[in-house]
$ cat query33.txt   # compact mmCIF, C-alpha atoms
# COMPACT_ATOMS: atom_id res chain seq x y z
CA MET H 19 -0.50 23.34 26.34
CA SER H 20 1.61 23.94 29.37
CA ALA H 21 4.70 21.86 29.87
CA PRO H 22 4.15 18.81 32.00
CA PRO H 23 5.55 18.98 35.53
CA PRO H 24 9.23 18.06 35.53
CA THR H 25 9.80 14.49 36.49
CA ASP H 26 11.25 14.03 39.91
CA HIS H 27 14.61 12.48 39.09
CA SER H 28 15.02 11.25 42.63
CA SER H 29 11.89 9.10 42.67
CA PRO H 30 12.77 5.60 43.89
CA HIS H 31 11.17 4.10 40.81
CA LEU H 32 13.43 5.99 38.40
CA LEU H 33 16.54 5.51 40.52
CA ASP H 34 15.89 1.80 40.66
CA LEU H 35 15.51 1.63 36.88
CA LEU H 36 18.66 3.66 36.43
CA GLN H 37 20.66 1.37 38.73
CA THR H 38 19.35 -1.79 37.08
CA VAL H 39 20.19 -0.63 33.57
CA HIS H 40 23.53 0.84 34.62
CA LYS H 41 24.61 -2.41 36.30
CA ASN H 42 23.43 -4.42 33.32
CA LEU H 43 25.38 -2.28 30.85
CA LEU H 44 28.50 -2.30 33.03
CA HIS H 45 28.65 -5.95 34.04
CA GLN H 46 26.74 -7.85 31.40
CA ALA H 47 27.06 -5.82 28.21
CA ASP H 48 30.63 -4.69 28.99
CA TRP H 49 30.03 -1.02 28.29
CA SER H 50 32.66 1.48 29.37
CA SER H 51 32.76 5.24 30.11
CA LEU H 52 29.29 4.97 31.63
CA GLU H 53 27.87 8.21 32.88
CA ILE H 54 24.53 8.93 34.53
CA HIS H 55 22.72 12.12 33.61
CA THR H 56 20.16 13.33 36.11
CA SER H 57 20.24 17.02 35.28
CA PRO H 58 16.76 18.60 35.26
CA SER H 59 17.40 19.61 31.63
CA TYR H 60 16.61 16.02 30.76
CA PRO H 61 12.98 14.96 31.19
CA ARG H 62 14.16 11.55 32.40
CA PRO H 63 17.42 10.25 33.84
CA LEU H 64 19.67 9.08 31.03
CA ILE H 65 22.89 7.12 30.71
CA THR H 66 25.70 7.54 28.20
CA GLY H 67 28.37 5.00 27.53
CA LEU H 68 30.60 3.30 25.03
CA PRO H 69 29.52 -0.17 23.87
CA PRO H 70 32.22 -2.83 23.30
CA ASP H 71 31.02 -3.16 19.71
CA PRO H 72 29.09 -0.56 17.78
CA VAL H 73 25.37 -1.06 18.40
CA TYR H 74 24.35 0.76 15.26
CA ILE H 75 26.11 1.07 11.93
CA ASP H 76 24.60 3.45 9.44
CA PRO H 77 23.43 1.29 6.50
CA ASP H 78 24.98 3.78 4.07
CA SER H 79 28.44 3.42 5.60
CA ALA H 80 28.12 -0.25 6.60
CA SER H 81 30.24 -1.34 3.63
CA ASP H 82 33.11 0.89 4.78
CA TYR H 83 33.09 -0.39 8.33
CA SER H 84 35.33 -3.29 9.25
CA ALA H 85 34.97 -5.05 12.61
CA ASP H 86 38.77 -5.55 12.67
CA ASP H 87 39.48 -1.85 12.47
CA ARG H 88 40.18 -0.88 16.10
CA ASP H 89 40.30 2.81 15.23
CA ALA H 90 37.05 3.01 13.27
CA LEU H 91 34.95 6.05 14.13
CA GLU H 92 32.01 3.75 14.87
CA ARG H 93 34.00 2.19 17.72
CA LYS H 94 34.29 5.54 19.48
CA GLN H 95 30.61 6.38 19.19
CA GLN H 96 29.00 6.83 22.59
CA GLU H 97 25.32 6.03 22.91
CA TRP H 98 22.49 7.48 24.96
CA VAL H 99 20.38 5.04 26.93
CA LEU H 100 16.90 5.72 28.25
CA PRO H 101 15.84 3.29 30.99
CA VAL H 102 12.11 2.59 31.08
CA ALA H 103 9.96 -0.04 32.79
CA LEU H 104 7.88 -2.46 30.76
CA ARG H 105 4.71 -1.35 32.51
CA GLU H 106 5.11 2.30 31.60
CA LYS H 107 3.01 4.04 29.02
CA TRP H 108 4.62 6.56 26.72
CA THR H 109 3.36 9.17 24.32
CA LEU H 110 4.84 10.85 21.25
CA ARG H 111 5.12 14.02 23.30
CA LYS H 112 7.31 12.35 25.92
CA TRP H 113 9.60 10.86 23.30
CA ALA H 114 9.88 14.19 21.53
CA GLU H 115 10.85 15.85 24.82
CA VAL H 116 13.58 13.31 25.48
CA PHE H 117 14.98 13.69 21.97
CA ASP H 118 14.82 17.47 22.14
CA SER H 119 16.95 17.37 25.31
CA LEU H 120 19.74 15.40 23.62
CA PRO H 121 22.67 17.40 22.20
CA GLU H 122 22.83 18.10 18.45
CA GLY H 123 25.57 16.61 16.33
CA PHE H 124 26.46 13.92 18.86
CA TRP H 125 26.41 11.16 16.24
CA GLY H 126 28.79 12.70 13.73
CA LEU H 127 28.25 13.37 10.07
CA ASN H 128 26.86 11.11 7.41
CA LYS H 129 28.35 10.54 3.96
CA GLU H 130 26.88 13.76 2.61
CA GLY H 131 28.45 15.71 5.48
CA VAL H 132 25.10 16.34 7.16
CA GLU H 133 24.64 15.73 10.86
CA LYS H 134 23.12 12.36 11.59
CA GLY H 135 19.73 12.29 13.25
CA LYS H 136 19.41 11.69 16.95
CA ARG H 137 19.05 8.19 18.30
CA LEU H 138 18.91 6.50 21.64
CA LEU H 139 18.74 3.04 23.08
CA LEU H 140 15.52 2.28 24.85
CA ALA H 141 16.38 -0.06 27.71
CA VAL H 142 13.14 -1.76 28.65
CA VAL H 143 13.26 -3.35 32.09
CA SER H 144 10.73 -6.04 32.86
CA GLU H 145 9.65 -7.13 36.32
CA ASP H 146 12.16 -9.98 36.47
CA SER H 147 14.97 -7.47 35.65
CA THR H 148 15.32 -8.76 32.11
CA ILE H 149 16.44 -5.88 29.94
CA VAL H 150 15.90 -5.57 26.22
CA HIS H 151 17.35 -2.76 24.16
CA TYR H 152 15.70 -1.12 21.18
CA ILE H 153 17.21 1.57 18.99
CA VAL H 154 14.91 4.53 18.54
CA HIS H 155 15.65 7.09 15.83
CA ASP H 156 14.26 10.59 15.64
CA GLY H 157 12.82 11.14 12.16
CA ILE H 158 12.67 8.90 9.12
CA VAL H 159 15.67 6.57 9.25
CA LYS H 160 15.75 3.63 6.90
CA PRO H 161 16.26 0.18 8.43
CA ARG H 162 19.67 -1.45 8.55
CA GLN H 163 18.74 -4.68 6.80
CA ASN H 164 16.46 -4.31 3.82
CA MET N 156 -4.03 19.63 -19.02
CA ALA N 157 -4.23 16.00 -19.98
CA SER N 158 -1.48 13.67 -18.85
CA GLN N 159 0.05 10.97 -21.05
CA TRP N 160 -2.93 8.76 -20.22
CA GLY N 161 -5.39 11.37 -21.39
CA VAL N 162 -6.52 12.06 -17.85
CA VAL N 163 -7.71 15.56 -17.15
CA GLU N 164 -7.64 16.76 -13.55
CA PRO N 165 -9.74 16.93 -11.56
CA PHE N 166 -10.82 13.37 -12.22
CA ILE N 167 -13.71 11.62 -10.53
CA ILE N 168 -13.23 9.51 -7.42
CA TYR N 169 -16.31 7.34 -7.03
CA LEU N 170 -17.80 6.84 -3.62
CA VAL N 171 -19.67 3.59 -3.04
CA GLU N 172 -20.86 2.61 0.43
CA GLY N 173 -18.26 4.78 2.12
CA ARG N 174 -15.36 3.50 0.04
CA TYR N 175 -13.46 5.31 -2.70
CA PHE N 176 -12.94 3.71 -6.10
CA LEU N 177 -11.29 4.42 -9.43
CA TYR N 178 -12.76 2.55 -12.39
CA ASP N 179 -10.62 3.77 -15.25
CA ALA N 180 -7.26 2.13 -15.88
CA ASN N 181 -5.94 5.41 -17.26
CA VAL N 182 -6.78 7.24 -14.06
CA VAL N 183 -5.19 4.42 -12.07
CA SER N 184 -1.95 4.78 -14.07
CA HIS N 185 -2.08 8.54 -13.76
CA VAL N 186 -2.53 8.43 -9.99
CA ARG N 187 0.31 5.96 -9.58
CA GLU N 188 2.74 7.88 -11.75
CA MET N 189 1.87 11.45 -10.88
CA HIS N 190 0.65 11.13 -7.30
CA ARG N 191 2.58 8.11 -5.98
CA MET N 192 -0.58 6.31 -4.93
CA CYS N 193 -1.19 2.65 -5.64
CA GLY N 194 -4.46 1.97 -3.86
CA CYS N 195 -5.65 -1.59 -3.86
CA LEU N 196 -7.06 -3.53 -6.80
CA THR N 197 -10.32 -5.12 -5.68
CA GLY N 198 -12.04 -6.46 -8.80
CA THR N 199 -12.40 -10.19 -9.23
CA LEU N 200 -14.27 -12.39 -11.73
CA PRO N 201 -18.01 -12.27 -10.99
CA GLN N 202 -18.34 -16.03 -11.52
CA ILE N 203 -15.20 -16.94 -9.58
CA PRO N 204 -14.99 -14.60 -6.60
CA GLN N 205 -12.74 -17.03 -4.74
CA GLN N 206 -10.02 -16.20 -7.26
CA ASN N 207 -8.58 -13.36 -5.22
CA VAL N 208 -4.84 -13.56 -5.75
CA PHE N 209 -4.68 -11.48 -8.90
CA LEU N 210 -7.30 -8.79 -8.73
CA GLY N 211 -8.20 -6.17 -11.29
CA LEU N 212 -10.26 -3.01 -11.58
CA PRO N 213 -11.78 -1.25 -9.77
CA LEU N 214 -9.04 0.19 -7.63
CA GLU N 215 -9.98 1.06 -4.09
CA LEU N 216 -8.23 4.08 -2.64
CA MET N 217 -7.36 4.41 1.02
CA THR N 218 -9.35 7.15 2.72
CA GLU N 219 -6.10 9.06 3.18
CA GLU N 220 -5.28 8.80 -0.52
CA ALA N 221 -8.72 10.05 -1.54
CA ALA N 222 -8.47 12.87 0.99
CA LEU N 223 -5.07 13.98 -0.28
CA LEU N 224 -6.17 13.86 -3.92
CA VAL N 225 -9.19 16.00 -3.08
CA GLU N 226 -7.01 18.35 -1.04
CA LYS N 227 -4.60 18.77 -3.95
CA GLY N 228 -7.50 19.45 -6.30
CA ALA N 229 -6.49 16.46 -8.41
CA GLY N 230 -9.80 14.70 -7.96
CA TYR N 231 -13.29 15.18 -6.65
CA VAL N 232 -15.66 12.77 -5.01
CA VAL N 233 -18.86 11.67 -6.74
CA ASP N 234 -21.47 9.47 -5.13
CA ASP N 235 -21.64 6.69 -7.69
CA VAL N 236 -25.14 5.40 -6.91
CA LYS N 237 -26.76 8.81 -6.68
CA SER N 238 -25.24 10.11 -9.88
CA HIS N 239 -26.28 6.92 -11.66
CA GLU N 240 -29.86 7.32 -10.51
CA ARG N 241 -29.85 10.98 -11.45
CA GLY N 242 -28.50 10.12 -14.90
CA LEU N 243 -31.13 7.45 -15.45
CA LYS N 244 -33.97 9.81 -14.47
CA ALA N 245 -32.67 12.63 -16.62
CA MET N 246 -32.30 10.46 -19.69
CA MET N 247 -34.64 11.34 -22.58
CA GLU N 248 -36.64 8.58 -24.27
CA ALA N 249 -35.14 9.39 -27.68
CA ASP N 250 -31.62 9.23 -26.27
CA LYS N 251 -32.46 5.90 -24.70
CA GLN N 252 -33.73 4.48 -27.99
CA ALA N 253 -30.73 5.83 -29.87
CA PHE N 254 -28.40 4.32 -27.30
CA LEU N 255 -30.10 0.92 -27.44
CA ALA N 256 -30.01 0.98 -31.25
CA ALA N 257 -26.35 1.86 -31.26
CA ARG N 258 -25.65 -0.87 -28.75
CA GLU N 259 -27.56 -3.40 -30.87
CA ALA N 260 -25.74 -2.31 -34.03
CA GLU N 261 -22.39 -2.61 -32.30
CA SER N 262 -23.28 -6.09 -31.09
CA VAL N 263 -24.39 -7.24 -34.57
CA ARG N 264 -21.28 -5.79 -36.14
CA GLU N 265 -19.09 -7.57 -33.63
CA MET N 266 -20.95 -10.84 -34.22
CA GLN N 267 -20.47 -10.54 -37.98
CA VAL N 268 -16.79 -9.99 -37.48
CA LEU N 269 -16.68 -13.07 -35.28
CA LEU N 270 -18.61 -15.18 -37.79
CA LYS N 271 -16.37 -14.03 -40.61
CA ALA N 272 -13.32 -14.95 -38.60
CA ALA N 273 -14.85 -18.35 -37.85
CA GLU N 274 -15.57 -18.90 -41.58
CA GLU N 275 -12.00 -18.04 -42.43
CA ARG N 276 -10.70 -20.41 -39.81
CA LYS N 277 -12.85 -23.17 -41.23
CA LYS N 278 -11.59 -22.41 -44.74
CA ALA N 279 -8.02 -22.42 -43.61
CA TYR N 280 -8.67 -25.71 -41.87
CA LYS N 281 -10.32 -27.33 -44.88
CA THR N 282 -8.04 -26.17 -47.67
CA PRO N 283 -4.89 -28.10 -46.78
CA LYS N 284 -7.04 -31.07 -45.77
CA ALA N 285 -8.71 -31.23 -49.18
CA SER N 286 -5.37 -31.45 -50.87
CA SER N 287 -3.81 -34.03 -48.58
CA LEU N 288 -6.83 -36.20 -47.69
CA LYS N 289 -9.01 -36.19 -50.79
CA ASP N 290 -10.33 -39.70 -50.22
CA GLY N 291 -11.09 -39.14 -46.57
CA ASP N 292 -13.50 -36.33 -47.37
CA ASP N 293 -15.69 -38.53 -49.52
CA GLY N 294 -15.97 -41.37 -47.06
CA GLY N 295 -19.06 -41.19 -44.84
CA GLU N 296 -17.39 -42.80 -41.81
CA ASP N 297 -14.53 -40.35 -41.79
CA GLY N 298 -16.97 -37.47 -41.93
CA GLU N 299 -18.71 -38.70 -38.80
CA ALA N 300 -15.46 -38.93 -36.90
CA GLU N 301 -14.61 -35.34 -37.64
CA ASP N 302 -15.55 -32.59 -35.26
CA ALA N 303 -18.97 -31.03 -34.97
CA SER N 304 -18.17 -27.81 -36.78
CA GLU N 305 -17.18 -29.69 -39.86
CA GLU N 306 -20.36 -31.71 -39.68
CA MET N 307 -22.45 -28.56 -39.47
CA GLU N 308 -20.84 -27.27 -42.62
CA GLU N 309 -21.55 -30.40 -44.55
CA GLU N 310 -25.15 -30.72 -43.48
CA PRO N 311 -26.83 -28.28 -45.89
CA SER N 312 -25.73 -30.44 -48.80
CA SER N 313 -26.67 -33.72 -47.14
CA ALA N 314 -30.01 -32.34 -45.98
CA THR N 315 -31.26 -32.49 -49.53
CA VAL N 316 -30.64 -36.22 -49.51
CA PHE N 317 -32.02 -37.10 -46.08
CA ASP N 318 -35.38 -36.18 -44.66
CA PRO N 319 -34.94 -32.66 -43.14
CA ASP N 320 -37.35 -33.41 -40.27
CA THR N 321 -35.19 -36.14 -38.82
CA LYS N 322 -32.33 -33.72 -38.29
CA PRO N 323 -33.93 -30.41 -37.39
CA LYS N 324 -30.89 -29.24 -35.50
CA ASN N 325 -28.59 -29.40 -38.45
CA SER N 326 -30.98 -28.07 -41.06
CA ARG N 327 -30.24 -24.46 -40.28
CA ASN N 328 -28.89 -22.42 -43.11
CA SER N 329 -26.21 -19.87 -42.65
CA GLN N 330 -28.69 -17.06 -41.87
CA ASP N 331 -30.25 -19.04 -39.05
CA ILE N 332 -26.85 -19.64 -37.62
CA SER N 333 -26.12 -15.93 -37.60
CA SER N 334 -29.36 -15.13 -35.77
CA THR N 335 -28.70 -17.65 -33.03
CA ALA N 336 -24.92 -17.22 -32.86
CA LEU N 337 -23.37 -16.06 -29.62
CA ARG N 338 -23.82 -12.34 -29.27
CA TYR N 339 -21.68 -10.11 -27.13
CA TYR N 340 -22.76 -6.80 -25.72
CA PRO N 341 -20.02 -4.36 -24.95
CA VAL N 342 -19.64 -3.87 -21.20
CA PRO N 343 -17.27 -0.98 -20.59
CA SER N 344 -15.51 -0.82 -17.25
CA THR N 345 -16.14 2.90 -17.05
CA SER N 346 -19.63 4.31 -16.70
CA MET N 347 -21.37 5.44 -19.88
CA PRO N 348 -21.88 9.17 -19.94
CA LEU N 349 -25.43 8.78 -21.29
CA TYR N 350 -27.00 7.25 -18.22
CA HIS N 351 -24.30 8.34 -15.85
CA LYS N 352 -24.09 12.06 -15.39
CA PRO N 353 -21.82 13.06 -12.53
CA LEU N 354 -22.12 16.66 -11.52
CA PRO N 355 -19.29 18.96 -12.53
CA PRO N 356 -16.59 19.39 -9.90
CA PRO N 357 -17.94 21.45 -7.03
CA PRO N 358 -15.81 24.29 -5.71
CA LEU N 359 -15.27 22.39 -2.49
CA SER N 360 -15.40 18.63 -2.76
CA SER N 361 -16.40 16.93 0.45
CA LEU N 362 -15.38 13.55 1.69
CA ALA N 363 -17.89 11.16 3.16
CA PRO N 364 -15.58 9.08 5.32
CA VAL N 365 -12.81 11.38 6.48
CA PRO N 366 -9.38 10.00 7.35
CA SER N 367 -8.42 9.56 10.96
CA LYS N 368 -6.88 12.62 12.60
CA THR N 369 -4.03 10.56 13.97
CA SER N 370 -2.98 8.87 10.73
CA TYR N 371 -3.63 11.54 8.10
CA PRO N 372 -0.87 14.02 9.10
CA LEU N 373 1.61 11.15 9.20
CA TYR N 374 0.39 9.90 5.82
CA LYS N 375 0.87 13.35 4.32
CA HIS N 376 4.29 13.73 5.92
CA LEU N 377 5.59 10.45 4.50
CA HIS N 378 3.94 11.07 1.15
CA ALA N 379 5.62 14.47 0.97
CA ASN N 380 8.92 12.67 1.63
CA SER N 381 8.44 10.65 -1.58
CA TYR N 382 7.26 7.46 0.08
CA PHE N 383 4.64 5.21 -1.47
CA LEU N 384 2.18 4.12 1.18
CA SER N 385 -0.01 1.07 1.09
CA PRO N 386 -2.42 -0.38 3.62
CA GLY N 387 -0.57 -2.08 6.44
CA LEU N 388 -3.03 -4.75 7.51
CA ARG N 389 -0.60 -7.48 6.47
CA PHE N 390 1.89 -6.28 9.07
CA GLY N 391 -0.53 -5.21 11.74
CA CYS N 392 0.02 -1.52 11.20
CA GLN N 393 -1.68 1.34 9.41
CA PHE N 394 0.64 1.84 6.45
CA MET N 395 3.62 0.27 4.83
CA ALA N 396 6.06 2.84 3.48
CA TYR N 397 8.00 2.03 0.31
CA PRO N 398 10.92 4.25 -0.77
CA GLY N 399 9.69 4.02 -4.38
CA ASP N 400 7.16 2.14 -6.43
CA PRO N 401 6.21 -1.06 -4.55
CA LEU N 402 6.99 -3.07 -7.68
CA ARG N 403 10.61 -1.96 -7.44
CA PHE N 404 11.33 -1.76 -3.72
CA HIS N 405 10.78 -3.60 -0.47
CA SER N 406 9.04 -1.49 2.10
CA HIS N 407 11.21 0.26 4.67
CA PHE N 408 8.73 0.94 7.42
CA VAL N 409 5.64 -0.46 9.03
CA VAL N 410 3.90 2.70 10.17
CA THR N 411 1.36 3.46 12.87
CA GLY N 412 -0.09 6.91 13.35
CA MET N 413 -0.77 8.18 16.86
CA GLY N 414 -2.17 11.20 18.61
CA TRP N 415 0.38 13.50 20.27
CA ASP N 416 -0.77 12.54 23.75
CA GLU N 417 -2.08 9.09 22.93
CA GLU N 418 -0.58 6.56 25.31
CA ILE N 419 1.23 3.53 23.98
CA GLU N 420 2.24 0.62 26.16
CA MET N 421 5.93 -0.19 26.31
CA ARG N 422 4.88 -3.76 25.54
CA ASP N 423 3.47 -2.57 22.19
CA ILE N 424 6.71 -0.74 21.40
CA VAL N 425 8.66 -3.91 22.15
CA GLY N 426 6.19 -5.88 20.00
CA GLY N 427 6.45 -3.37 17.19
CA GLY N 428 10.24 -3.37 17.34
CA ARG N 429 10.29 -7.15 17.17
CA LEU N 430 7.80 -7.20 14.29
CA GLY N 431 9.74 -4.63 12.27
CA THR N 432 13.12 -6.26 12.83
CA GLY N 433 11.64 -9.69 12.08
CA VAL N 434 10.57 -8.61 8.61
CA LYS N 435 13.72 -6.53 7.94
CA LYS N 436 11.89 -3.26 8.29
CA ALA N 437 11.78 -0.54 10.89
CA TRP N 438 8.67 0.00 12.96
CA MET N 439 7.63 3.62 12.87
CA ILE N 440 5.22 5.60 15.00
CA GLY N 441 4.47 9.22 14.49
CA GLY N 442 1.90 11.94 14.63
CA GLU N 443 1.28 15.63 14.45
CA ASP N 444 2.98 17.79 17.05
CA LYS N 445 0.09 19.49 18.85
CA ASP N 446 2.31 22.35 20.00
CA LYS N 447 3.56 23.04 16.48
CA PRO N 448 0.60 22.42 14.17
CA GLY N 449 1.62 21.22 10.75
CA THR N 450 4.78 19.52 11.91
CA VAL N 451 4.94 15.76 12.24
CA ARG N 452 7.36 13.86 14.47
CA THR N 453 8.27 10.29 13.63
CA PHE N 454 10.27 7.71 15.56
CA CYS N 455 11.74 4.54 14.08
CA VAL N 456 12.31 1.53 16.30
CA GLU N 457 14.64 -1.37 15.63
CA TRP N 458 15.94 -4.09 17.89
CA GLY N 459 19.21 -3.12 19.54
CA GLY N 460 20.82 -6.48 18.91
CA PHE N 461 21.71 -7.32 22.50
$ encode --input "query33.txt" --output "structure tokens"
Amino acid sequence: MSAPPPTDHSSPHLLDLLQTVHKNLLHQADWSSLEIHTSPSYPRPLITGLPPDPVYIDPDSASDYSADDRDALERKQQEWVLPVALREKWTLRKWAEVFDSLPEGFWGLNKEGVEKGKRLLLAVVSEDSTIVHYIVHDGIVKPRQN
Amino acid sequence: MASQWGVVEPFIIYLVEGRYFLYDANVVSHVREMHRMCGCLTGTLPQIPQQNVFLGLPLELMTEEAALLVEKGAGYVVDDVKSHERGLKAMMEADKQAFLAAREAESVREMQVLLKAAEERKKAYKTPKASSLKDGDDGGEDGEAEDASEEMEEEPSSATVFDPDTKPKNSRNSQDISSTALRYYPVPSTSMPLYHKPLPPPPLSSLAPVPSKTSYPLYKHLHANSYFLSPGLRFGCQFMAYPGDPLRFHSHFVVTGMGWDEEIEMRDIVGGGRLGTGVKKAWMIGGEDKDKPGTVRTFCVEWGGF
């Protein structure tokens, strides 16, 4: 199958989503180092940033992490955010394309010294501008609380 | 080669009304241990079908499980009803008589064993009583108060005193008792080879209901990654994935298979994420990559926490 036409990153719909999520992360969720990525190498506009508290702790290293440790590696972990609207429909293909565009090795190494799988935060924007964030992992990643 | 349960592959997977069953407990154990498949126990008590919390044999296999077993060459599908009919038609009259005679003999033998055990119980019951309550045994009133089995035993002697016609029920001698005693006929849970002749494994076993194209690659992918999969109806998904035997682990994922270009509403992703997080699991969707046949992509969704 041929590749789908590249998404127009300047469409008002996507720019509006991007602005809404960016403002929400900056002013409500207190993220820092926010950066907007609209390069055509990404199928959709993406945001990176540093959350005030780690949004995801690997369940295998959760016992080593202490919330009081200001220098913990987890505290320096930037996250990728994908803004989407609640009324959108997605397919496995689209998700795979987004994940394939993310850089390798961005999330450090796990306990066995192997690169952690890719993940992103799905920022779902509803019509009343409510935003809910879901963590999406690429591959088989066991849940945090089990 | 036979496994520790004496199961020789390929074993038979029975097809009844478009559903796959295993009837033999040994095959069920074998499949669970060697193939990481648990299926679903569906058998209940014929008289008490509402008792459906603890079910027994037969074990129903998911279509995906049956398909993978056939694909591996571990099992082959046999139409249960057809092979039964074929076996019945092909049965010779002499074989039939021999089988019935053997069945009768087995039943009589079992009954005699039961009667003997009952006699011994009675003896064991009476012996200490005779020593401790000698007077009680002689008294007529005490005898009446005792239970019916004791009364039956005493009757043959008393029948000589009383008119036998007034108590026809109790005038039976021990032989009569044996002819009317409760008889059991052996009912094996596996089909008898005599009137059940499944065909030998065909070179290419075919499946009647085939698994869905969207879920089967994902099933195989997770199974190959050492997960145990069970039906996911309880959690509104297709499969639940356990990292080991379900008796030892909680499941990690609620899994839904999808086509590569099948659209999913963001609302369903949000719903799935909430469901998975609510039951301390991750919600997983996945499917076969159309551009790279044979590879499966999976995505796990959890609530972000803010």
$ atom_distance --input "query33.txt" --atom1 "CA of Leu373 in chain N" --atom2 "CA of Lys160 in chain H"
16.2 Å
$ residues_around --input "query33.txt" --residues "Pro77 in chain H" --least-positions-apart "5" --cutoff "9 Å" --atoms "all atoms listed in the file" --output "list in words"
Lys160, Pro161, Arg162 and Gln163 of chain H
$ write_last_selection --input "query33.txt" --atoms "C-alpha atoms" --output "short mmCIF file (atom, residue, chain, number, x, y, z; two decimals), in the frame of the given file"
data_model
loop_
_atom_site.label_atom_id
_atom_site.label_comp_id
_atom_site.auth_asym_id
_atom_site.auth_seq_id
_atom_site.Cartn_x
_atom_site.Cartn_y
_atom_site.Cartn_z
CA LYS H 160 15.75 3.63 6.90
CA PRO H 161 16.26 0.18 8.43
CA ARG H 162 19.67 -1.45 8.55
CA GLN H 163 18.74 -4.68 6.80
#
$ interface_residues --input "query33.txt" --of "chain H" --to "chain N" --cutoff "8 Å" --atoms "all atoms listed in the file" --output "PyMOL selection string"
chain H and resi 19+47+73-74+103-111+114+139+142+150-164
$ residues_near_point --input "query33.txt" --point "(-3.2, -0.4, -3.5)" --cutoff "9 Å" --atoms "all atoms listed in the file" --output "PyMOL selection string"
chain N and resi 192-197+214-217+384-386
$ axis_aligned_box --input "query33.txt" --around "range 201-211 of chain N" --padding-each-side "8 Å" --output "JSON"
{"center_x": -11.5, "center_y": -11.6, "center_z": -8.1, "size_x": 29.7, "size_y": 26.9, "size_z": 22.8}
$ residues_around --input "query33.txt" --residues "Pro72 in chain H" --least-positions-apart "6" --cutoff "10 Å" --atoms "all atoms listed in the file" --output "number ranges by chain"
H: 85, 90-97
$ atom_distance --input "query33.txt" --atom1 "CA of Tyr178 in chain N" --atom2 "CA of Phe209 in chain N"
16.6 Å
$ closest_residue --input "query33.txt" --among "N:Ile168, N:Gly426, N:Leu388, N:Pro204" --to "Leu223 in chain N" --atoms "only C-alpha atoms"
N:Ile168
$ residues_around --input "query33.txt" --residues "His40 in chain H" --least-positions-apart "5" --cutoff "12 Å" --atoms "only C-alpha atoms" --output "PyMOL selection string"
chain H and resi 32-35+45-55+63-67+98-101+141+143+147+149
$ residues_around --input "query33.txt" --residues "Lys136 in chain H" --least-positions-apart "3" --cutoff "8 Å" --atoms "all atoms listed in the file" --output "VMD selection string"
chain H and resid 117 120 122 to 125 155 to 156
$ write_last_selection --input "query33.txt" --atoms "C-alpha atoms" --output "PDB file, in the coordinates of the input"
ATOM      1  CA  PHE H 117      14.980  13.690  21.970  1.00  0.00           C
ATOM      2  CA  LEU H 120      19.740  15.400  23.620  1.00  0.00           C
ATOM      3  CA  GLU H 122      22.830  18.100  18.450  1.00  0.00           C
ATOM      4  CA  GLY H 123      25.570  16.610  16.330  1.00  0.00           C
ATOM      5  CA  PHE H 124      26.460  13.920  18.860  1.00  0.00           C
ATOM      6  CA  TRP H 125      26.410  11.160  16.240  1.00  0.00           C
ATOM      7  CA  HIS H 155      15.650   7.090  15.830  1.00  0.00           C
ATOM      8  CA  ASP H 156      14.260  10.590  15.640  1.00  0.00           C
TER       9      ASP H 156
END
$ atom_distance --input "query33.txt" --atom1 "CA of Gly230 in chain N" --atom2 "CA of Phe394 in chain N"
22.0 Å
$ residues_around --input "query33.txt" --residues "Val233 in chain N" --least-positions-apart "4" --cutoff "7 Å" --atoms "only C-alpha atoms" --output "VMD selection string"
chain N and resid 167 to 170 353
$ write_last_selection --input "query33.txt" --atoms "C-alpha atoms" --output "short mmCIF file (atom, residue, chain, number, x, y, z; two decimals), keeping the file's coordinate frame"
data_model
loop_
_atom_site.label_atom_id
_atom_site.label_comp_id
_atom_site.auth_asym_id
_atom_site.auth_seq_id
_atom_site.Cartn_x
_atom_site.Cartn_y
_atom_site.Cartn_z
CA ILE N 167 -13.71 11.62 -10.53
CA ILE N 168 -13.23 9.51 -7.42
CA TYR N 169 -16.31 7.34 -7.03
CA LEU N 170 -17.80 6.84 -3.62
CA PRO N 353 -21.82 13.06 -12.53
#
